[in-house]
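**Q** One structure follows; several queries about it will come next.
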Amino acid sequence: MISNFVTLFRMSFVIPLFLVLATIGPSWIALALFLGAGALDVVDGKLARHLNESSELGAMLDLIADRLLTLAAVAGLLAAGTLSLLAASAGLILVARCLFFAAFGEALKGRTALINSKMEPAKILLSFAGLGLAMSPLYNHAFSGLQASDLITWILVAAATLTMYTLFGYARQSVGILSRR
């Protein structure tokens, strides 16, 4: 399946991204790797739908690739010392989401799929924007009176807040489905 190959190729960006961030810090190289992986995420989903290749394996690989990319970005930025403790905590919430979402999916195996929250696109946009800005060379410039680090922290906190909101929604759905048993 071509779309799964694209997802696996996207996963190959994870280690280079971490290494660039951990050794060089925020840079155009890191940003290019991150944006490239993000673009490939869009491509693999469109390919899967267009070629009718959607599958449980593809969905699982996509979820793993997304979390590995987020983990590489957060861990690399932490290693570089460019994230505040609050921003790093928010980033780790974004990574941990996968564990909970996977647990809900496993508990519901064979019953029904969770309905995606309408907040998912906003959460994804905020997390991608916050991490992308943090790894760009523009990191230490001022934006509208705020230091970039403050802006990044609040973007990631907003993404983590939406993540927690959506997780509570998924937990409610899961409990409702499991209690009907």
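Within each chain, counting starts at residue 1; across the structure tokens, chains are named A, B, ... in the order shown, with ligands numbered 1 upward in that order.
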Compile the contact shell of Val43 (chain A) as a PyMOL selection string: residues with an atom at most 12 Å away, counting only C-alpha atoms, same-chain residues fewer than 2 positions apart removed.
**A** chain A and resi 2-7+9-10+36-41+45-51+62
**Q** Residues near Leu68 (chain A), anyone? I mean within 9 Å using only C-alpha atoms, not counting same-chain ones fewer than 6 positions away, as a list of chain:residue names.
**A**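 Returned residues: A:Met11, A:Val14, A:Val95.
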**Q** Could the residues in this selection be written to a file with C-alpha atoms, as a tab-separated table (two decimals), in the first residue's frame?
**A**
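The new file out25.tsv reads:
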chain	number	residue	atom	x	y	z
A	11	MET	CA	8.63	8.07	10.38
A	14	VAL	CA	11.87	11.34	13.54
A	95	VAL	CA	2.47	12.85	23.32
**Q** Sorted by chain and rising residue number, which residues of region 2-105 of chain A lie within 6 Å of region 158-167 of chain A, and what are their closest atom pairs and distances in Å to one decimal, counting only C-alpha atoms, as JSON lines?
**A**
{"residue": "A:Ala90", "atom": "CA", "partner": "A:Ala160", "partner_atom": "CA", "distance": 5.2}
{"residue": "A:Ile93", "atom": "CA", "partner": "A:Ala160", "partner_atom": "CA", "distance": 5.9}
{"residue": "A:Leu94", "atom": "CA", "partner": "A:Ala160", "partner_atom": "CA", "distance": 5.9}
**Q** May I have the selected residues written with N, CA and C atoms, as a short mmCIF file (atom, residue, chain, number, x, y, z; two decimals), in the first residue's frame?
**A**
data_model
loop_
_atom_site.label_atom_id
_atom_site.label_comp_id
_atom_site.auth_asym_id
_atom_site.auth_seq_id
_atom_site.Cartn_x
_atom_site.Cartn_y
_atom_site.Cartn_z
N ALA A 90 3.23 20.76 28.47
CA ALA A 90 2.15 20.76 27.48
C ALA A 90 2.50 19.83 26.33
N ILE A 93 1.93 16.26 27.27
CA ILE A 93 0.50 15.93 27.26
C ILE A 93 0.08 15.55 25.84
N LEU A 94 0.60 16.27 24.86
CA LEU A 94 0.28 15.97 23.46
C LEU A 94 0.76 14.56 23.09
#
**Q** When you look at Leu156 (chain A) with a cut-off of 8 Å (counting only C-alpha atoms), what residues show up, excluding the ones that are within fewer than 3 positions of it in the same chain? I need them as a ChimeraX atom specification.
**A** /A:87,90-91,126-127,130-131,152-153,159-160
**Q** At most 12 Å is the cut-off: for each residue in region 45-123 of chain A with any atom that close to an atom of region 27-30 of chain A, write down the nearest atom pair and the distance in Å rounded to one decimal, counting only C-alpha atoms, chain first then increasing number, as a tab-separated table.
**A**
residue	atom	partner	partner_atom	distance
A:Leu69	CA	A:Ala30	CA	11.6
A:Ala72	CA	A:Ala30	CA	10.6
A:Ala73	CA	A:Ala30	CA	8.8
A:Gly76	CA	A:Ala30	CA	9.6
A:Leu77	CA	A:Ala30	CA	10.1
A:Ala80	CA	A:Ser27	CA	11.1
A:Thr82	CA	A:Ser27	CA	11.7
**Q** Mind checking DSSP for region 17-136 of chain A and telling me the alpha helix (DSSP H) residues as a PDB file with C-alpha atoms, in the first residue's frame?
**A**
ATOM      1  CA  LEU A  17      14.645  15.763  13.700  1.00  0.00           C
ATOM      2  CA  PHE A  18      15.549  14.831  17.261  1.00  0.00           C
ATOM      3  CA  LEU A  19      19.295  14.817  16.497  1.00  0.00           C
ATOM      4  CA  VAL A  20      19.219  18.193  14.744  1.00  0.00           C
ATOM      5  CA  LEU A  21      17.252  19.794  17.578  1.00  0.00           C
ATOM      6  CA  ALA A  22      19.362  18.183  20.314  1.00  0.00           C
ATOM      7  CA  THR A  23      22.702  19.136  18.725  1.00  0.00           C
ATOM      8  CA  TRP A  28      15.888  25.867   9.380  1.00  0.00           C
ATOM      9  CA  ILE A  29      16.909  22.200   9.030  1.00  0.00           C
ATOM     10  CA  ALA A  30      14.760  21.178  12.002  1.00  0.00           C
ATOM     11  CA  LEU A  31      11.851  23.240  10.742  1.00  0.00           C
ATOM     12  CA  ALA A  32      12.168  21.722   7.237  1.00  0.00           C
ATOM     13  CA  LEU A  33      12.135  18.179   8.683  1.00  0.00           C
ATOM     14  CA  PHE A  34       9.110  18.990  10.851  1.00  0.00           C
ATOM     15  CA  LEU A  35       7.171  20.690   8.048  1.00  0.00           C
ATOM     16  CA  GLY A  36       8.145  17.930   5.621  1.00  0.00           C
ATOM     17  CA  ALA A  37       6.791  15.290   7.997  1.00  0.00           C
ATOM     18  CA  GLY A  38       3.619  17.352   8.434  1.00  0.00           C
ATOM     19  CA  ALA A  39       3.148  17.631   4.672  1.00  0.00           C
ATOM     20  CA  LEU A  40       3.650  13.880   4.291  1.00  0.00           C
ATOM     21  CA  ASP A  41       0.980  13.334   6.961  1.00  0.00           C
ATOM     22  CA  VAL A  42      -1.498  15.152   4.745  1.00  0.00           C
ATOM     23  CA  VAL A  43      -0.286  13.264   1.657  1.00  0.00           C
ATOM     24  CA  ASP A  44      -0.570   9.787   3.215  1.00  0.00           C
ATOM     25  CA  GLY A  45      -4.139  10.446   4.357  1.00  0.00           C
ATOM     26  CA  LYS A  46      -5.221  11.802   0.976  1.00  0.00           C
ATOM     27  CA  LEU A  47      -3.536   8.883  -0.795  1.00  0.00           C
ATOM     28  CA  ALA A  48      -5.220   6.345   1.469  1.00  0.00           C
ATOM     29  CA  ARG A  49      -8.639   7.823   0.737  1.00  0.00           C
ATOM     30  CA  HIS A  50      -8.010   8.391  -2.979  1.00  0.00           C
ATOM     31  CA  GLU A  56      -6.617  -0.370  10.563  1.00  0.00           C
ATOM     32  CA  LEU A  57      -2.881  -0.870   9.986  1.00  0.00           C
ATOM     33  CA  GLY A  58      -2.642   2.462   8.165  1.00  0.00           C
ATOM     34  CA  ALA A  59      -4.572   4.245  10.910  1.00  0.00           C
ATOM     35  CA  MET A  60      -2.307   2.710  13.561  1.00  0.00           C
ATOM     36  CA  LEU A  61       0.868   3.614  11.636  1.00  0.00           C
ATOM     37  CA  ASP A  62      -0.403   7.166  11.169  1.00  0.00           C
ATOM     38  CA  LEU A  63      -1.106   7.530  14.884  1.00  0.00           C
ATOM     39  CA  ILE A  64       2.335   6.153  15.780  1.00  0.00           C
ATOM     40  CA  ALA A  65       4.048   8.423  13.238  1.00  0.00           C
ATOM     41  CA  ASP A  66       2.216  11.474  14.604  1.00  0.00           C
ATOM     42  CA  ARG A  67       3.183  10.726  18.214  1.00  0.00           C
ATOM     43  CA  LEU A  68       6.799   9.881  17.339  1.00  0.00           C
ATOM     44  CA  LEU A  69       7.120  13.177  15.479  1.00  0.00           C
ATOM     45  CA  THR A  70       5.652  15.068  18.434  1.00  0.00           C
ATOM     46  CA  LEU A  71       7.904  13.163  20.856  1.00  0.00           C
ATOM     47  CA  ALA A  72      11.007  13.863  18.737  1.00  0.00           C
ATOM     48  CA  ALA A  73      10.137  17.560  18.572  1.00  0.00           C
ATOM     49  CA  VAL A  74       9.452  17.895  22.304  1.00  0.00           C
ATOM     50  CA  ALA A  75      12.460  15.772  23.363  1.00  0.00           C
ATOM     51  CA  GLY A  76      14.786  17.556  20.930  1.00  0.00           C
ATOM     52  CA  LEU A  77      13.623  20.990  22.065  1.00  0.00           C
ATOM     53  CA  LEU A  78      14.041  19.919  25.691  1.00  0.00           C
ATOM     54  CA  ALA A  79      17.567  18.650  24.978  1.00  0.00           C
ATOM     55  CA  ALA A  80      18.352  21.990  23.324  1.00  0.00           C
ATOM     56  CA  LEU A  85       8.929  23.768  31.804  1.00  0.00           C
ATOM     57  CA  LEU A  86       5.288  24.685  31.137  1.00  0.00           C
ATOM     58  CA  ALA A  87       5.729  24.328  27.357  1.00  0.00           C
ATOM     59  CA  ALA A  88       7.518  20.994  27.813  1.00  0.00           C
ATOM     60  CA  SER A  89       4.723  19.745  30.089  1.00  0.00           C
ATOM     61  CA  ALA A  90       2.152  20.764  27.480  1.00  0.00           C
ATOM     62  CA  GLY A  91       4.174  18.972  24.801  1.00  0.00           C
ATOM     63  CA  LEU A  92       4.297  15.805  26.876  1.00  0.00           C
ATOM     64  CA  ILE A  93       0.501  15.926  27.257  1.00  0.00           C
ATOM     65  CA  LEU A  94       0.281  15.968  23.461  1.00  0.00           C
ATOM     66  CA  VAL A  95       2.469  12.849  23.316  1.00  0.00           C
ATOM     67  CA  ALA A  96       0.633  11.049  26.148  1.00  0.00           C
ATOM     68  CA  ARG A  97      -2.685  11.512  24.357  1.00  0.00           C
ATOM     69  CA  CYS A  98      -1.806   8.595  22.111  1.00  0.00           C
ATOM     70  CA  LEU A  99      -1.579   6.190  25.041  1.00  0.00           C
ATOM     71  CA  PHE A 100      -5.026   7.077  26.297  1.00  0.00           C
ATOM     72  CA  PHE A 101      -6.601   7.148  22.850  1.00  0.00           C
ATOM     73  CA  ALA A 102      -5.097   3.720  22.072  1.00  0.00           C
ATOM     74  CA  ALA A 103      -6.394   2.370  25.398  1.00  0.00           C
ATOM     75  CA  PHE A 104      -9.916   3.589  24.590  1.00  0.00           C
ATOM     76  CA  GLY A 105      -9.697   2.028  21.137  1.00  0.00           C
ATOM     77  CA  GLU A 106      -8.483  -1.280  22.569  1.00  0.00           C
ATOM     78  CA  ALA A 107     -11.264  -1.336  25.165  1.00  0.00           C
ATOM     79  CA  GLU A 120      -9.225  17.838  16.785  1.00  0.00           C
ATOM     80  CA  PRO A 121      -8.307  20.133  13.860  1.00  0.00           C
ATOM     81  CA  ALA A 122      -7.762  23.112  16.189  1.00  0.00           C
ATOM     82  CA  LYS A 123      -5.673  20.992  18.565  1.00  0.00           C
ATOM     83  CA  ILE A 124      -3.539  19.702  15.706  1.00  0.00           C
ATOM     84  CA  LEU A 125      -3.083  23.191  14.256  1.00  0.00           C
ATOM     85  CA  LEU A 126      -2.061  24.658  17.617  1.00  0.00           C
ATOM     86  CA  SER A 127       0.375  21.867  18.470  1.00  0.00           C
ATOM     87  CA  PHE A 128       1.941  21.995  15.005  1.00  0.00           C
ATOM     88  CA  ALA A 129       2.194  25.805  15.099  1.00  0.00           C
ATOM     89  CA  GLY A 130       3.679  25.871  18.608  1.00  0.00           C
ATOM     90  CA  LEU A 131       6.271  23.174  17.955  1.00  0.00           C
ATOM     91  CA  GLY A 132       7.082  24.562  14.500  1.00  0.00           C
ATOM     92  CA  LEU A 133       7.635  28.045  15.877  1.00  0.00           C
ATOM     93  CA  ALA A 134       9.775  26.643  18.711  1.00  0.00           C
ATOM     94  CA  MET A 135      12.123  24.932  16.283  1.00  0.00           C
TER      95      MET A 135
END
**Q** Which distance in Å separates CA of Gly169 (chain A) and CA of Met119 (chain A), to one decimal?
**A**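 Between these atoms lies a distance of 10.3 Å.
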**Q** Quick one: distance from CA of Leu8 (chain A) to CA of Asn52 (chain A) in Å, one decimal?
**A**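 So the answer is 18.0 Å.
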**Q** Mind listing the strand (DSSP E) residues of chain A, per DSSP on the backbone, as a PyMOL selection string?
**A** chain A and resi 142-143+146-147
**Q** What gap, in Å, lies between CA of Glu53 (chain A) and CA of Met1 (chain A)?
**A**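 Rounded to one decimal, the two atoms are 6.6 Å apart.
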